[in-house]
Amino acid sequence: MLSKRQTEIVEIAVSLISGRGIQNLTIKNIANELGVSEPAIYRHFASKYDILCAVIDSFSAIASGILEQLVDSDESALDKVGRFMADRIERMSEHPKLAKIMFSEEIFQDDPRLSARMLAMMHSHKEKIAMIIAQGQKQGQIRDDISPKTMFRLIFGPMRLLAKQWAMSGFAFDIVAEGSELWQAQQKLFTAEISEKFL
């Protein structure tokens, strides 16, 4: 768990990357924003890499919390997926700068270690959601002619596009409302084959 000062450093790092690009994320700039010396930053993080790891981990922790709740929930599989999607979008709405960074994975591509960390986070989320989808397919709640892996991509690919459009617009539209509309449309697609069987 991050200390209060580490949390402040991570928040400043997010703000710097979101507003001025990752090239402007330097220990010197973080220290200037905090009004402290550079050695003071190194007392909390050994390097810029460690700060960026903390940025990724803070986003991962947000998603992991709701996923753990959903795994033990008695809700239907479709409702679980919908609740995860709604939670992610609400969190984006509450933390737009962090969302802008985390849905622009190319920011981390120049460092293989950071790319691997991002990929590991994405795989972890994919495995849990795909498991929920597979359960829904077995229970007849979700169409079973599409693999859970592909269905995961069909759910979260459009969500990531929505997040990018929102960030590029300067957060100009209501992402919660747009996200809800997106999920309503996706539900129709994911249950279409089931409905057709009963026509």
# chains A, B, ... in the order shown; residues from 1 in each chain; ligands from 1

call {"tool": "residues_around", "arguments": {"residues": "Lys138 (chain A)", "least_positions_apart": "5", "cutoff": "12 Å", "atoms": "only C-alpha atoms", "output": "number ranges by chain"}}
result
A: 76-77, 131-133, 143-145, 147-148

call {"tool": "write_last_selection", "arguments": {"atoms": "all heavy atoms", "output": "mmCIF file, in the first residue's frame"}}
result
data_model
loop_
_atom_site.group_PDB
_atom_site.id
_atom_site.type_symbol
_atom_site.label_atom_id
_atom_site.label_comp_id
_atom_site.auth_asym_id
_atom_site.auth_seq_id
_atom_site.Cartn_x
_atom_site.Cartn_y
_atom_site.Cartn_z
ATOM 1 N N SER A 76 -26.356 -12.859 -12.151
ATOM 2 C CA SER A 76 -26.192 -13.579 -13.409
ATOM 3 C C SER A 76 -24.879 -13.142 -14.061
ATOM 4 O O SER A 76 -24.352 -12.064 -13.774
ATOM 5 C CB SER A 76 -27.352 -13.268 -14.359
ATOM 6 O OG SER A 76 -27.241 -11.946 -14.859
ATOM 7 N N ALA A 77 -24.345 -13.983 -14.929
ATOM 8 C CA ALA A 77 -23.084 -13.676 -15.595
ATOM 9 C C ALA A 77 -23.176 -12.369 -16.382
ATOM 10 O O ALA A 77 -22.251 -11.547 -16.355
ATOM 11 C CB ALA A 77 -22.700 -14.825 -16.524
ATOM 12 N N MET A 131 -13.923 -16.128 -17.698
ATOM 13 C CA MET A 131 -14.473 -17.191 -16.858
ATOM 14 C C MET A 131 -15.941 -16.918 -16.546
ATOM 15 O O MET A 131 -16.779 -17.817 -16.587
ATOM 16 C CB MET A 131 -13.680 -17.286 -15.555
ATOM 17 C CG MET A 131 -14.159 -18.369 -14.604
ATOM 18 S SD MET A 131 -13.219 -18.400 -13.053
ATOM 19 C CE MET A 131 -13.795 -16.865 -12.299
ATOM 20 N N ILE A 132 -16.262 -15.661 -16.261
ATOM 21 C CA ILE A 132 -17.654 -15.284 -15.991
ATOM 22 C C ILE A 132 -18.507 -15.504 -17.238
ATOM 23 O O ILE A 132 -19.624 -16.018 -17.171
ATOM 24 C CB ILE A 132 -17.734 -13.816 -15.521
ATOM 25 C CG1 ILE A 132 -17.100 -13.679 -14.126
ATOM 26 C CG2 ILE A 132 -19.182 -13.327 -15.492
ATOM 27 C CD1 ILE A 132 -16.940 -12.237 -13.656
ATOM 28 N N ILE A 133 -17.979 -15.129 -18.402
ATOM 29 C CA ILE A 133 -18.700 -15.312 -19.659
ATOM 30 C C ILE A 133 -18.950 -16.797 -19.916
ATOM 31 O O ILE A 133 -20.056 -17.202 -20.296
ATOM 32 C CB ILE A 133 -17.920 -14.678 -20.831
ATOM 33 C CG1 ILE A 133 -17.915 -13.152 -20.701
ATOM 34 C CG2 ILE A 133 -18.526 -15.098 -22.183
ATOM 35 C CD1 ILE A 133 -16.955 -12.457 -21.652
ATOM 36 N N ARG A 143 -24.988 -16.212 -25.397
ATOM 37 C CA ARG A 143 -24.844 -17.060 -26.573
ATOM 38 C C ARG A 143 -23.508 -17.789 -26.539
ATOM 39 O O ARG A 143 -22.483 -17.231 -26.106
ATOM 40 C CB ARG A 143 -24.971 -16.235 -27.855
ATOM 41 C CG ARG A 143 -23.937 -15.141 -27.992
ATOM 42 C CD ARG A 143 -24.218 -14.210 -29.163
ATOM 43 N NE ARG A 143 -24.172 -14.931 -30.437
ATOM 44 C CZ ARG A 143 -24.529 -14.384 -31.597
ATOM 45 N NH1 ARG A 143 -24.982 -13.132 -31.636
ATOM 46 N NH2 ARG A 143 -24.466 -15.071 -32.713
ATOM 47 N N ASP A 144 -23.521 -19.057 -26.994
ATOM 48 C CA ASP A 144 -22.327 -19.887 -26.865
ATOM 49 C C ASP A 144 -21.620 -20.167 -28.185
ATOM 50 O O ASP A 144 -20.751 -21.034 -28.262
ATOM 51 C CB ASP A 144 -22.667 -21.202 -26.164
ATOM 52 C CG ASP A 144 -23.698 -22.021 -26.940
ATOM 53 O OD1 ASP A 144 -24.077 -21.606 -28.062
ATOM 54 O OD2 ASP A 144 -24.128 -23.061 -26.413
ATOM 55 N N ASP A 145 -21.990 -19.434 -29.238
ATOM 56 C CA ASP A 145 -21.337 -19.645 -30.531
ATOM 57 C C ASP A 145 -20.142 -18.710 -30.732
ATOM 58 O O ASP A 145 -19.554 -18.668 -31.815
ATOM 59 C CB ASP A 145 -22.344 -19.472 -31.678
ATOM 60 C CG ASP A 145 -22.976 -18.090 -31.700
ATOM 61 O OD1 ASP A 145 -23.052 -17.437 -30.633
ATOM 62 O OD2 ASP A 145 -23.403 -17.656 -32.786
ATOM 63 N N SER A 147 -16.476 -17.608 -28.684
ATOM 64 C CA SER A 147 -15.622 -18.007 -27.565
ATOM 65 C C SER A 147 -15.575 -16.904 -26.502
ATOM 66 O O SER A 147 -15.702 -15.718 -26.830
ATOM 67 C CB SER A 147 -14.204 -18.303 -28.051
ATOM 68 O OG SER A 147 -13.536 -17.098 -28.397
ATOM 69 N N PRO A 148 -15.393 -17.255 -25.233
ATOM 70 C CA PRO A 148 -15.284 -16.252 -24.170
ATOM 71 C C PRO A 148 -14.178 -15.239 -24.436
ATOM 72 O O PRO A 148 -14.337 -14.051 -24.157
ATOM 73 C CB PRO A 148 -14.993 -17.086 -22.924
ATOM 74 C CG PRO A 148 -15.645 -18.396 -23.195
ATOM 75 C CD PRO A 148 -15.428 -18.632 -24.667
#

call {"tool": "residues_around", "arguments": {"residues": "Ser180 (chain A)", "least_positions_apart": "6", "cutoff": "9 Å", "atoms": "only C-alpha atoms", "output": "PyMOL selection string"}}
result
chain A and resi 82+85-86+89

call {"tool": "write_last_selection", "arguments": {"atoms": "all heavy atoms", "output": "JSON list (two decimals), in the first residue's frame"}}
result
[["chain", "number", "residue", "atom", "x", "y", "z"],
["A", 82, "GLY", "N", -21.83, -6.60, -16.94],
["A", 82, "GLY", "CA", -22.36, -5.24, -17.03],
["A", 82, "GLY", "C", -21.93, -4.39, -15.86],
["A", 82, "GLY", "O", -21.61, -3.21, -16.02],
["A", 85, "MET", "N", -18.24, -3.45, -16.30],
["A", 85, "MET", "CA", -18.11, -2.40, -17.30],
["A", 85, "MET", "C", -18.57, -1.05, -16.74],
["A", 85, "MET", "O", -17.91, -0.03, -16.93],
["A", 85, "MET", "CB", -18.91, -2.76, -18.55],
["A", 85, "MET", "CG", -18.75, -1.80, -19.69],
["A", 85, "MET", "SD", -19.52, -2.43, -21.19],
["A", 85, "MET", "CE", -19.29, -1.04, -22.29],
["A", 86, "ALA", "N", -19.71, -1.05, -16.05],
["A", 86, "ALA", "CA", -20.23, 0.20, -15.48],
["A", 86, "ALA", "C", -19.27, 0.76, -14.45],
["A", 86, "ALA", "O", -19.03, 1.98, -14.39],
["A", 86, "ALA", "CB", -21.60, -0.05, -14.85],
["A", 89, "ILE", "N", -16.26, 2.40, -16.16],
["A", 89, "ILE", "CA", -16.59, 3.68, -16.77],
["A", 89, "ILE", "C", -16.83, 4.76, -15.71],
["A", 89, "ILE", "O", -16.41, 5.91, -15.87],
["A", 89, "ILE", "CB", -17.80, 3.52, -17.72],
["A", 89, "ILE", "CG1", -17.37, 2.71, -18.94],
["A", 89, "ILE", "CG2", -18.36, 4.87, -18.14],
["A", 89, "ILE", "CD1", -18.47, 2.38, -19.91]]

call {"tool": "closest_residue", "arguments": {"among": "A:Ile155, A:Leu67, A:Ile142, A:Met118", "to": "Gly179 (chain A)", "atoms": "only C-alpha atoms"}}
result
A:Ile155

call {"tool": "residues_around", "arguments": {"residues": "Phe171 (chain A)", "least_positions_apart": "6", "cutoff": "10 Å", "atoms": "only C-alpha atoms", "output": "PyMOL selection string"}}
result
chain A and resi 93+96-97+100+163-165

call {"tool": "atom_distance", "arguments": {"atom1": "CA of Ile9 (chain A)", "atom2": "CA of Arg117 (chain A)"}}
result
19.7 Å

call {"tool": "select_by_dssp", "arguments": {"residues": "chain A", "states": "helix (DSSP H, G or I)", "output": "number ranges by chain"}}
result
A: 4-20, 22-24, 27-34, 38-42, 48-71, 77-94, 96-102, 105-108, 112-138, 148-168, 175-190, 192-197

call {"tool": "closest_residue", "arguments": {"among": "A:Phe156, A:Glu105, A:Leu78, A:Ile175", "to": "Thr191 (chain A)", "atoms": "only C-alpha atoms"}}
result
A:Leu78

call {"tool": "closest_residue", "arguments": {"among": "A:Gln184, A:Ala13, A:Ser18, A:Ala172", "to": "Asn32 (chain A)", "atoms": "only C-alpha atoms"}}
result
A:Ala13

call {"tool": "closest_residue", "arguments": {"among": "A:Leu154, A:Ile27, A:Ile62, A:Glu90", "to": "Lys126 (chain A)", "atoms": "only C-alpha atoms"}}
result
A:Leu154

call {"tool": "closest_residue", "arguments": {"among": "A:Arg20, A:His95, A:Arg88, A:Arg160", "to": "Gly65 (chain A)", "atoms": "only C-alpha atoms"}}
result
A:Arg88

call {"tool": "closest_residue", "arguments": {"among": "A:Val36, A:Ile30, A:Ile146, A:Met121", "to": "Asp57 (chain A)", "atoms": "only C-alpha atoms"}}
result
A:Met121

call {"tool": "residues_around", "arguments": {"residues": "Leu182 (chain A)", "least_positions_apart": "4", "cutoff": "8 Å", "atoms": "only C-alpha atoms", "output": "list in words"}}
result
Met159, Glu178 and Gln186 of chain A

call {"tool": "write_last_selection", "arguments": {"atoms": "all heavy atoms", "output": "compact mmCIF listing (two decimals), in the first residue's frame"}}
result
# COMPACT_ATOMS: atom_id res chain seq x y z
N MET A 159 -15.27 -0.39 -25.47
CA MET A 159 -15.14 0.46 -24.28
C MET A 159 -13.84 1.26 -24.31
O MET A 159 -13.81 2.43 -23.97
CB MET A 159 -15.19 -0.39 -23.01
CG MET A 159 -15.20 0.45 -21.74
SD MET A 159 -15.17 -0.52 -20.21
CE MET A 159 -13.46 -1.05 -20.21
N GLU A 178 -22.89 7.42 -22.17
CA GLU A 178 -22.50 6.76 -23.42
C GLU A 178 -22.13 5.30 -23.16
O GLU A 178 -22.43 4.41 -23.96
CB GLU A 178 -21.31 7.50 -24.04
CG GLU A 178 -21.61 8.90 -24.53
CD GLU A 178 -22.36 8.91 -25.85
OE1 GLU A 178 -22.35 7.88 -26.57
OE2 GLU A 178 -22.97 9.93 -26.17
N GLN A 186 -24.64 -3.92 -26.57
CA GLN A 186 -23.85 -5.15 -26.51
C GLN A 186 -24.66 -6.32 -25.95
O GLN A 186 -24.55 -7.45 -26.43
CB GLN A 186 -22.60 -4.92 -25.66
CG GLN A 186 -21.56 -4.05 -26.36
CD GLN A 186 -20.40 -3.72 -25.46
OE1 GLN A 186 -20.57 -3.44 -24.27
NE2 GLN A 186 -19.20 -3.75 -26.00

call {"tool": "atom_distance", "arguments": {"atom1": "CA of Glu68 (chain A)", "atom2": "CA of Asp87 (chain A)"}}
result
12.8 Å

call {"tool": "residues_around", "arguments": {"residues": "Val14 (chain A)", "least_positions_apart": "2", "cutoff": "9 Å", "atoms": "only C-alpha atoms", "output": "ChimeraX atom specification"}}
result
/A:9-12,16-19,25,52,55,97-98,101

call {"tool": "atom_distance", "arguments": {"atom1": "CA of Phe84 (chain A)", "atom2": "CA of Ser124 (chain A)"}}
result
13.9 Å
